[in-house]
Amino acid sequence: MTDIFSLRDDSPVSETPVSIEEFLGNSNATAVRIEVGEDARQLLPYLDRIALIQVSFPAFTDGRGYSAARILREAGYDGELRAQGDVLLDQIRYMHRCGFDSFAPEKPLNAEQVDIVLKRFDAVYQAAADQKNGGHQNPVWNLRHGN
Amino acid sequence: MYKYDHYDQSIVDARVAEFRDQVERRLAGEITEDQFKPLRLQNGLYLQLHAYMLRVAIPYGTLNSGQMKMLAHIARTYDRDYGHFTTRQNIQYNWIQLDQTPDLLADLASVEMHAIQTSGNCIRNISSDQYAGAAADEVTDPRPWAELLRQWSTFHPEFAHLPRKFKFAVIASKEDRAAMRLHDIGIQLVRNDAGELGARFFVGGGMGRTPMIGPMVRDFVAADDLVSYAEACLRVYNRYGRRDNKYKARIKILVHELGKDEYIRQVEAEFEHIKTLNLDPPKAELERITAFFQDPDYDILASDDLDLCDPDFALWVEQNVKTHKQSGYAIVTISLKPIGGIPGDASSAQIDIMADLAKKYSFDELRVTHAQNIVLPHVKKSDLYALWQKLDEAGLATPNLDLISDIIACPGLDYCSLANARSIPVAQKIAQRFSDISKQKLLGELKLKISGCINACGHHHAGHIGILGVDRKGVENYQLSLGGSGAEDVSLAKITGPGFDEDGIVDAVEKATNVYLKEREGDERFVDTYRRVGMAPFKEALYD
């Protein structure tokens with residue numbers, strides 16, 4: 001199995017995530033995966049009993065997973081949000097900003113490089129999911145006006 | 001003009017460091033070309049037929065003389081001593097070495113410029129009206145809104161991997177000088193009944209192989225909702241835009257397939273949700289940005305008198321000088337379309353001269369137009385003659401703004417790896433055919449636009465006369481179309497019939513103009529006559 005690269009304090013959920021269809025039919029699972037094209041909003045009624053949501057990136061160029069992640073965080077989900085698949089160093093920052101806090105890349109990531117990438121930008125213009133997710137990225141628009 | 005603060009500067013500087021790292025990893029073989037491609041593309045770096053092409057962003061087409069000088073420096077230092085101004089108000093360089101790009105970007109950053117998101121499937125440079133802040137007919141200067149959107153879209157984490165590229169234009173006049181409704185999102189700033197400024201949103205316009213005029217999806221978005229509403233428009237697209245076919249991936253196809261009403265319904269639902277997230281910048285932010293775009297310090301006593309006894313100067317004034325909102329001042333367009341030249345190209349020496357003239361005569365400001373010309377927005381009328389003399393010496397005083405030789409052309413097969421046919425030689429031959437300025441003036445406003453492939457970078461769908469180069473069994477062939485417009489009378493051009501070879505298309509253009517001269521009534525422009533009489537007389541002249 002792929003190594004999980006986590007930015008969370010707790011350890012990664014070990015349960016194998018089930019499909020949305022299976023999840024909606026089987027009330028016991030606490031880990032679920034979203035394939036590209038599936039609507040993350042289907043999970044919103046159940047967020048308080050989910051420990052892991054895994055979002056698949058079959059190709060890094062397919063950006064639908066970014067919207068899925070934000071939608072989940074905007075709805076208050078605070079469990080593990082894992083990006084799985086074609087997860088590359090240069091997309092990690094965007095993923096993190098959209099609320100992903102763990103990664104299951106097909107090719108392993110170098111921890112040192114991830115750290116550099118995540119710290120590279122001191123400032124961001126727009127608000128995203130990382131306000132709730134560590135709180136260190138207060139948008140420039142707020143900082144300029146003392147908010 | 002907008003000035004970076006330390007936040008803006010730190011973001012651009014960090015990008016240079018990031019790209020330096022990415023280039024090093026690519027050169028070391030740590031990442032593949034496939035993995036590098038989207039990274040370089042989001043930095044405006046394309047691999048073309050002969051070399052890398054780098055596109056530099058000129059946000060809403062506005063720059064100062066220091067920035068313009070840097071563009072000349074880059075042409076001299078990293079390229080073959082020239083640059084090409086584009087239809088999206090940017091500049092691109094055609095002969096760039098990959099290992100030098102980090103230094104080039106660092107040079108740009110030193111004058112508050114960058115190449116961020118000038119390509120790739122992300123939100124591109126925001127374009128605007130080249131007469132912004134100077135036009136008599138605008139409700140406000142659109143550039144503060146464009147700058148706000150520039151900041152919002154820069155490294156937007158959710159919208160960095162859209163189904164396809166995404167282009168905004170923002171205008172604030174009834175007259176549309178930016179082809180606003182042919183953008184993915186076109187915004188027209190308007191005042192509501194209460195006198196407040198807001199944004200009218202048009203979504204799903206575009207050119208390419210399936211040209212569409214963007215329908216209006218909201219007649220008024222308040223300033224406080226601008227970012228939330230734009231997020232909603234983009235989120236619906238990011239989630240549901242087609243990704244199975246590159247040629248059906250633009251938002252225009254989504255809006256068309258869903259239908260305007262269903263797209264609006266989804267956007268409104270998303271907007272209602274997003275509005276609760278408090279994403280919009282504080283009111284003070286738009287005010288802060290707006291303060292950078294105050295009028296320059298005009299001489300309010302400046303005279304409107306102009307001595308036109310030099311006939312060459314008079315010709316240039318009549319064609320290339322437009323009314324300014326401030327009495328005693330004028331808007332000057334410097335044509336980058338000399339007869340026989342390459343549309344939009346300028347040498348480093350010419351770029352330097354334009355920078356110096358902007359500093360001396362136009363409050364240090366220049367604009368790039370989507371028609372690939374340069375504007376000096378605020379010139380005192382009493383300085384026009386001296387300015388014209390200096391432009392004339394530099395080969396920059398061609399008096400052909402909006403005439404048939406003021407041609408928009410894509411780089412075509414001379415540079416572009418997507419092209420099927422050459423555009424530049426066709427543009428040159430047409431300009432030469434009509435080189436007599438009195439002939440051009442007789443034809444009046446006539447917007448001729450040439451694309452070297454179906455992607456339509458040369459805006460042929462929006463040309464009064466449009467030319468599309470295609471490959472027909474290994475031979476370049478040119479289709480003629482008539483009746484398009486990118487202005488407030490927006491329309492899509494229609495193909496006349498079978499295409500022509502390179503010399504044949506030049507003849508065909510001349511025949512079409514002869515039909516116009518014969519048929520026109522009163523002060524009709526070419527496109528007005530075409531709209532009144534229809535295709536038939538043109539077809540008859542072209543194919544009989």
# chains A, B, ... in the order shown; residues from 1 in each chain; ligands from 1
$ closest_atom_pairs --of "chain A" --to "chain B" --cutoff "10 Å" --atoms "only C-alpha atoms" --output "Markdown table"
| residue | atom | partner | partner_atom | distance |
| --- | --- | --- | --- | --- |
| A:Val36 | CA | B:Arg239 | CA | 9.2 |
| A:Gly37 | CA | B:Arg239 | CA | 7.3 |
| A:Glu38 | CA | B:Arg239 | CA | 9.3 |
| A:Asp39 | CA | B:Arg239 | CA | 8.7 |
| A:Phe60 | CA | B:His161 | CA | 8.1 |
| A:Thr61 | CA | B:His161 | CA | 5.6 |
| A:Asp62 | CA | B:His161 | CA | 6.2 |
| A:Gly63 | CA | B:His161 | CA | 4.6 |
| A:Arg64 | CA | B:Arg239 | CA | 5.3 |
| A:Gly65 | CA | B:Arg239 | CA | 8.4 |
| A:Tyr66 | CA | B:Glu158 | CA | 5.1 |
| A:Ser67 | CA | B:Glu158 | CA | 6.0 |
| A:Ala68 | CA | B:Arg239 | CA | 8.2 |
| A:Ala69 | CA | B:Glu158 | CA | 9.0 |
| A:Arg70 | CA | B:Glu158 | CA | 7.9 |
| A:Ile71 | CA | B:Ile274 | CA | 9.6 |
| A:Glu74 | CA | B:Leu277 | CA | 7.6 |
| A:Ala75 | CA | B:His273 | CA | 9.9 |
| A:Leu88 | CA | B:Gln35 | CA | 8.5 |
| A:Asp90 | CA | B:Leu39 | CA | 7.8 |
| A:Gln91 | CA | B:Pro157 | CA | 9.0 |
| A:Ile92 | CA | B:Pro157 | CA | 9.9 |
| A:Arg93 | CA | B:Pro157 | CA | 7.8 |
| A:Tyr94 | CA | B:Pro157 | CA | 4.4 |
| A:Met95 | CA | B:Pro157 | CA | 7.0 |
| A:His96 | CA | B:Pro157 | CA | 8.6 |
| A:Arg97 | CA | B:Pro157 | CA | 6.3 |
| A:Cys98 | CA | B:Pro157 | CA | 6.4 |
| A:Ile116 | CA | B:Glu18 | CA | 9.5 |
| A:Val117 | CA | B:Glu18 | CA | 8.0 |
| A:Lys119 | CA | B:Ala14 | CA | 9.9 |
| A:Arg120 | CA | B:Ala14 | CA | 6.3 |
| A:Phe121 | CA | B:Ala14 | CA | 5.8 |
| A:Asp122 | CA | B:Ser10 | CA | 7.2 |
| A:Ala123 | CA | B:Tyr7 | CA | 6.3 |
| A:Val124 | CA | B:Ile11 | CA | 7.5 |
| A:Tyr125 | CA | B:Gln151 | CA | 5.9 |
| A:Gln126 | CA | B:Trp152 | CA | 5.4 |
| A:Ala127 | CA | B:Leu279 | CA | 5.7 |
| A:Ala128 | CA | B:Pro157 | CA | 7.6 |
| A:Ala129 | CA | B:Pro157 | CA | 9.5 |
| A:Pro139 | CA | B:Pro281 | CA | 8.8 |
| A:Val140 | CA | B:Tyr7 | CA | 6.8 |
| A:Trp141 | CA | B:Pro281 | CA | 5.7 |
| A:Asn142 | CA | B:Pro281 | CA | 7.0 |
| A:Leu143 | CA | B:Tyr7 | CA | 9.4 |
| A:Arg144 | CA | B:Glu285 | CA | 7.9 |
| A:His145 | CA | B:Ala284 | CA | 7.3 |
| A:Asn147 | CA | B:Pro282 | CA | 8.9 |
$ write_last_selection --atoms "N, CA and C atoms" --output "compact mmCIF listing (two decimals), in the first residue's frame"
# COMPACT_ATOMS: atom_id res chain seq x y z
N VAL A 36 -13.38 11.15 -9.05
CA VAL A 36 -13.62 12.39 -9.81
C VAL A 36 -15.02 12.34 -10.43
N GLY A 37 -15.66 13.47 -10.38
CA GLY A 37 -16.99 13.54 -10.97
C GLY A 37 -18.09 13.23 -9.97
N GLU A 38 -17.74 12.66 -8.82
CA GLU A 38 -18.77 12.41 -7.80
C GLU A 38 -18.98 13.67 -6.97
N ASP A 39 -20.20 13.83 -6.51
CA ASP A 39 -20.57 15.06 -5.80
C ASP A 39 -20.26 14.93 -4.31
N PHE A 60 -3.06 14.68 -12.23
CA PHE A 60 -2.94 15.92 -11.43
C PHE A 60 -3.60 17.10 -12.13
N THR A 61 -3.79 16.98 -13.44
CA THR A 61 -4.40 18.08 -14.19
C THR A 61 -5.92 18.16 -13.99
N ASP A 62 -6.50 17.14 -13.39
CA ASP A 62 -7.93 17.15 -13.16
C ASP A 62 -8.21 17.80 -11.81
N GLY A 63 -8.67 19.04 -11.82
CA GLY A 63 -8.78 19.83 -10.61
C GLY A 63 -10.09 19.72 -9.86
N ARG A 64 -10.94 18.78 -10.22
CA ARG A 64 -12.24 18.70 -9.54
C ARG A 64 -12.12 18.44 -8.04
N GLY A 65 -11.05 17.69 -7.68
CA GLY A 65 -10.86 17.34 -6.28
C GLY A 65 -10.63 18.54 -5.38
N TYR A 66 -10.12 19.63 -5.96
CA TYR A 66 -9.90 20.84 -5.15
C TYR A 66 -11.24 21.42 -4.68
N SER A 67 -12.22 21.42 -5.60
CA SER A 67 -13.54 21.92 -5.20
C SER A 67 -14.19 20.99 -4.19
N ALA A 68 -14.02 19.69 -4.39
CA ALA A 68 -14.59 18.72 -3.44
C ALA A 68 -14.04 18.98 -2.04
N ALA A 69 -12.73 19.20 -1.96
CA ALA A 69 -12.10 19.42 -0.65
C ALA A 69 -12.65 20.67 0.03
N ARG A 70 -12.73 21.74 -0.74
CA ARG A 70 -13.22 22.98 -0.12
C ARG A 70 -14.66 22.84 0.35
N ILE A 71 -15.47 22.20 -0.48
CA ILE A 71 -16.88 22.03 -0.12
C ILE A 71 -16.99 21.28 1.22
N GLU A 74 -15.76 23.60 4.00
CA GLU A 74 -16.73 24.69 4.21
C GLU A 74 -17.93 24.19 5.01
N ALA A 75 -18.22 22.89 4.88
CA ALA A 75 -19.36 22.33 5.62
C ALA A 75 -18.96 21.93 7.03
N LEU A 88 1.46 15.38 -6.71
CA LEU A 88 2.85 15.77 -6.96
C LEU A 88 3.25 16.94 -6.07
N ASP A 90 4.44 19.79 -6.62
CA ASP A 90 4.10 21.16 -7.00
C ASP A 90 2.62 21.47 -6.86
N GLN A 91 1.81 20.49 -6.56
CA GLN A 91 0.39 20.75 -6.32
C GLN A 91 0.04 20.72 -4.82
N ILE A 92 1.00 20.31 -4.00
CA ILE A 92 0.72 20.12 -2.57
C ILE A 92 0.20 21.41 -1.91
N ARG A 93 0.80 22.53 -2.28
CA ARG A 93 0.41 23.78 -1.63
C ARG A 93 -1.06 24.11 -1.94
N TYR A 94 -1.43 23.95 -3.20
CA TYR A 94 -2.82 24.20 -3.56
C TYR A 94 -3.75 23.24 -2.82
N MET A 95 -3.32 21.98 -2.76
CA MET A 95 -4.15 20.98 -2.08
C MET A 95 -4.32 21.34 -0.61
N HIS A 96 -3.20 21.70 0.00
CA HIS A 96 -3.24 22.06 1.42
C HIS A 96 -4.16 23.26 1.65
N ARG A 97 -4.06 24.24 0.75
CA ARG A 97 -4.90 25.43 0.90
C ARG A 97 -6.37 25.08 0.74
N CYS A 98 -6.68 24.06 -0.02
CA CYS A 98 -8.08 23.66 -0.21
C CYS A 98 -8.57 22.74 0.90
N ILE A 116 9.54 22.65 2.26
CA ILE A 116 9.97 23.86 1.55
C ILE A 116 8.81 24.45 0.75
N VAL A 117 8.10 23.57 0.04
CA VAL A 117 6.99 24.01 -0.81
C VAL A 117 5.89 24.67 0.03
N LYS A 119 6.18 26.17 2.82
CA LYS A 119 6.60 27.41 3.49
C LYS A 119 7.03 28.50 2.51
N ARG A 120 7.04 28.18 1.21
CA ARG A 120 7.62 29.09 0.24
C ARG A 120 6.92 30.45 0.21
N PHE A 121 5.60 30.45 0.23
CA PHE A 121 4.86 31.71 0.12
C PHE A 121 4.43 32.20 1.50
N ASP A 122 4.88 33.40 1.85
CA ASP A 122 4.50 33.99 3.14
C ASP A 122 3.10 34.56 3.10
N ALA A 123 2.64 34.88 1.90
CA ALA A 123 1.38 35.63 1.81
C ALA A 123 0.48 35.00 0.76
N VAL A 124 -0.82 35.08 1.00
CA VAL A 124 -1.80 34.65 0.00
C VAL A 124 -2.84 35.76 -0.14
N TYR A 125 -3.38 35.89 -1.34
CA TYR A 125 -4.38 36.93 -1.54
C TYR A 125 -5.76 36.51 -1.03
N GLN A 126 -6.16 35.32 -1.45
CA GLN A 126 -7.56 34.96 -1.25
C GLN A 126 -7.74 34.00 -0.07
N ALA A 127 -8.92 34.07 0.52
CA ALA A 127 -9.26 33.12 1.57
C ALA A 127 -9.52 31.76 0.94
N ALA A 128 -9.17 30.71 1.65
CA ALA A 128 -9.50 29.35 1.20
C ALA A 128 -9.75 28.53 2.45
N ALA A 129 -9.60 27.21 2.35
CA ALA A 129 -9.95 26.36 3.49
C ALA A 129 -8.89 26.40 4.58
N PRO A 139 -5.47 35.99 4.64
CA PRO A 139 -5.25 36.66 3.36
C PRO A 139 -4.70 38.08 3.51
N VAL A 140 -3.88 38.44 2.53
CA VAL A 140 -3.32 39.79 2.46
C VAL A 140 -4.41 40.85 2.60
N TRP A 141 -5.56 40.56 1.99
CA TRP A 141 -6.67 41.52 2.05
C TRP A 141 -7.07 41.85 3.48
N ASN A 142 -6.96 40.86 4.38
CA ASN A 142 -7.27 41.13 5.78
C ASN A 142 -6.10 41.80 6.48
N LEU A 143 -4.90 41.28 6.22
CA LEU A 143 -3.71 41.82 6.89
C LEU A 143 -3.53 43.31 6.61
N ARG A 144 -3.81 43.71 5.36
CA ARG A 144 -3.63 45.12 4.99
C ARG A 144 -4.52 46.06 5.79
N HIS A 145 -5.62 45.52 6.28
CA HIS A 145 -6.58 46.39 6.95
C HIS A 145 -6.74 46.01 8.42
N ASN A 147 -7.18 43.24 9.92
CA ASN A 147 -8.17 42.25 10.35
C ASN A 147 -7.52 40.90 10.64
$ residues_around --residues "Val475 (chain B)" --least-positions-apart "5" --cutoff "10 Å" --atoms "only C-alpha atoms" --output "PyMOL selection string"
chain B and resi 420-421+470+501-502
$ residues_around --residues "Tyr263 (chain B)" --least-positions-apart "3" --cutoff "9 Å" --atoms "only C-alpha atoms" --output "VMD selection string"
chain B and resid 217 233 236 254 to 256 258 to 260 266 to 268
$ residues_around --residues "region 313-322 of chain B" --least-positions-apart "6" --cutoff "9 Å" --atoms "only C-alpha atoms" --output "mmCIF file with N, CA and C atoms, in the first residue's frame"
data_model
loop_
_atom_site.group_PDB
_atom_site.id
_atom_site.type_symbol
_atom_site.label_atom_id
_atom_site.label_comp_id
_atom_site.auth_asym_id
_atom_site.auth_seq_id
_atom_site.Cartn_x
_atom_site.Cartn_y
_atom_site.Cartn_z
ATOM 1 N N ALA B 135 -10.903 57.688 -20.966
ATOM 2 C CA ALA B 135 -12.052 57.759 -21.872
ATOM 3 C C ALA B 135 -13.143 58.655 -21.305
ATOM 4 N N ASP B 307 -2.302 73.050 -34.048
ATOM 5 C CA ASP B 307 -1.899 73.536 -35.362
ATOM 6 C C ASP B 307 -1.740 72.348 -36.311
ATOM 7 N N ALA B 330 -5.242 64.477 -24.937
ATOM 8 C CA ALA B 330 -5.698 63.533 -25.951
ATOM 9 C C ALA B 330 -5.131 62.149 -25.658
ATOM 10 N N ILE B 331 -5.785 61.145 -26.235
ATOM 11 C CA ILE B 331 -5.304 59.763 -26.134
ATOM 12 C C ILE B 331 -4.621 59.421 -27.458
ATOM 13 N N VAL B 332 -3.374 58.981 -27.370
ATOM 14 C CA VAL B 332 -2.600 58.699 -28.576
ATOM 15 C C VAL B 332 -2.390 57.194 -28.727
ATOM 16 N N THR B 333 -2.684 56.668 -29.903
ATOM 17 C CA THR B 333 -2.335 55.272 -30.179
ATOM 18 C C THR B 333 -1.117 55.220 -31.089
ATOM 19 N N ILE B 334 -0.099 54.479 -30.630
ATOM 20 C CA ILE B 334 1.091 54.247 -31.440
ATOM 21 C C ILE B 334 0.859 52.940 -32.185
ATOM 22 N N SER B 335 0.795 53.029 -33.483
ATOM 23 C CA SER B 335 0.534 51.836 -34.277
ATOM 24 C C SER B 335 1.780 50.957 -34.361
ATOM 25 N N LEU B 384 1.501 67.314 -28.829
ATOM 26 C CA LEU B 384 1.269 66.277 -29.840
ATOM 27 C C LEU B 384 2.245 66.371 -31.020
ATOM 28 N N TYR B 385 2.530 67.590 -31.453
ATOM 29 C CA TYR B 385 3.384 67.720 -32.640
ATOM 30 C C TYR B 385 4.800 67.216 -32.356
ATOM 31 N N TRP B 388 4.685 63.461 -32.121
ATOM 32 C CA TRP B 388 4.543 62.840 -33.442
ATOM 33 C C TRP B 388 5.873 62.832 -34.196
ATOM 34 N N GLN B 389 6.621 63.928 -34.107
ATOM 35 C CA GLN B 389 7.913 63.990 -34.807
ATOM 36 C C GLN B 389 8.860 62.900 -34.314
ATOM 37 N N ALA B 397 4.923 56.103 -36.364
ATOM 38 C CA ALA B 397 3.832 57.065 -36.572
ATOM 39 C C ALA B 397 2.918 56.657 -37.724
ATOM 40 N N THR B 398 2.782 55.354 -37.971
ATOM 41 C CA THR B 398 1.876 54.915 -39.034
ATOM 42 C C THR B 398 0.447 55.351 -38.689
ATOM 43 N N PRO B 399 -0.191 56.133 -39.571
ATOM 44 C CA PRO B 399 -1.508 56.699 -39.208
ATOM 45 C C PRO B 399 -2.652 55.765 -39.610
ATOM 46 N N ASN B 400 -2.684 54.543 -39.059
ATOM 47 C CA ASN B 400 -3.646 53.562 -39.569
ATOM 48 C C ASN B 400 -4.533 52.920 -38.510
ATOM 49 N N LEU B 401 -4.707 53.576 -37.360
ATOM 50 C CA LEU B 401 -5.535 52.969 -36.316
ATOM 51 C C LEU B 401 -6.935 52.637 -36.845
ATOM 52 N N ASP B 402 -7.334 51.378 -36.683
ATOM 53 C CA ASP B 402 -8.667 50.877 -37.082
ATOM 54 C C ASP B 402 -8.897 50.873 -38.595
ATOM 55 N N LEU B 403 -7.847 51.116 -39.372
ATOM 56 C CA LEU B 403 -7.972 50.988 -40.828
ATOM 57 C C LEU B 403 -7.570 49.563 -41.246
ATOM 58 N N LYS B 441 -8.139 55.189 -46.081
ATOM 59 C CA LYS B 441 -9.076 56.122 -45.455
ATOM 60 C C LYS B 441 -10.414 56.117 -46.173
#
$ select_by_dssp --residues "region 152-351 of chain B" --states "strand (DSSP E or B)" --output "ChimeraX atom specification"
/B:166,168-171,173,185-191,197-203,206,212,216-222,321-323,329-334,345-347
$ residues_around --residues "region 19-21 of chain A" --least-positions-apart "4" --cutoff "7 Å" --atoms "only C-alpha atoms" --output "list in words"
Gly25, Val32, Arg33 and Ile34 of chain A
$ write_last_selection --atoms "N, CA and C atoms" --output "mmCIF file, in the first residue's frame"
data_model
loop_
_atom_site.group_PDB
_atom_site.id
_atom_site.type_symbol
_atom_site.label_atom_id
_atom_site.label_comp_id
_atom_site.auth_asym_id
_atom_site.auth_seq_id
_atom_site.Cartn_x
_atom_site.Cartn_y
_atom_site.Cartn_z
ATOM 1 N N GLY A 25 -24.906 2.985 1.514
ATOM 2 C CA GLY A 25 -25.678 1.775 1.772
ATOM 3 C C GLY A 25 -25.238 1.055 3.037
ATOM 4 N N VAL A 32 -14.414 6.997 3.546
ATOM 5 C CA VAL A 32 -15.101 6.959 2.255
ATOM 6 C C VAL A 32 -14.238 7.649 1.212
ATOM 7 N N ARG A 33 -14.344 7.191 -0.017
ATOM 8 C CA ARG A 33 -13.549 7.839 -1.053
ATOM 9 C C ARG A 33 -14.473 8.478 -2.105
ATOM 10 N N ILE A 34 -13.994 9.585 -2.644
ATOM 11 C CA ILE A 34 -14.731 10.306 -3.685
ATOM 12 C C ILE A 34 -13.942 10.194 -4.979
#
$ closest_residue --among "A:Leu89, A:Gln42, A:Glu22, A:Ile4" --to "Asp115 (chain A)" --atoms "only C-alpha atoms"
A:Leu89
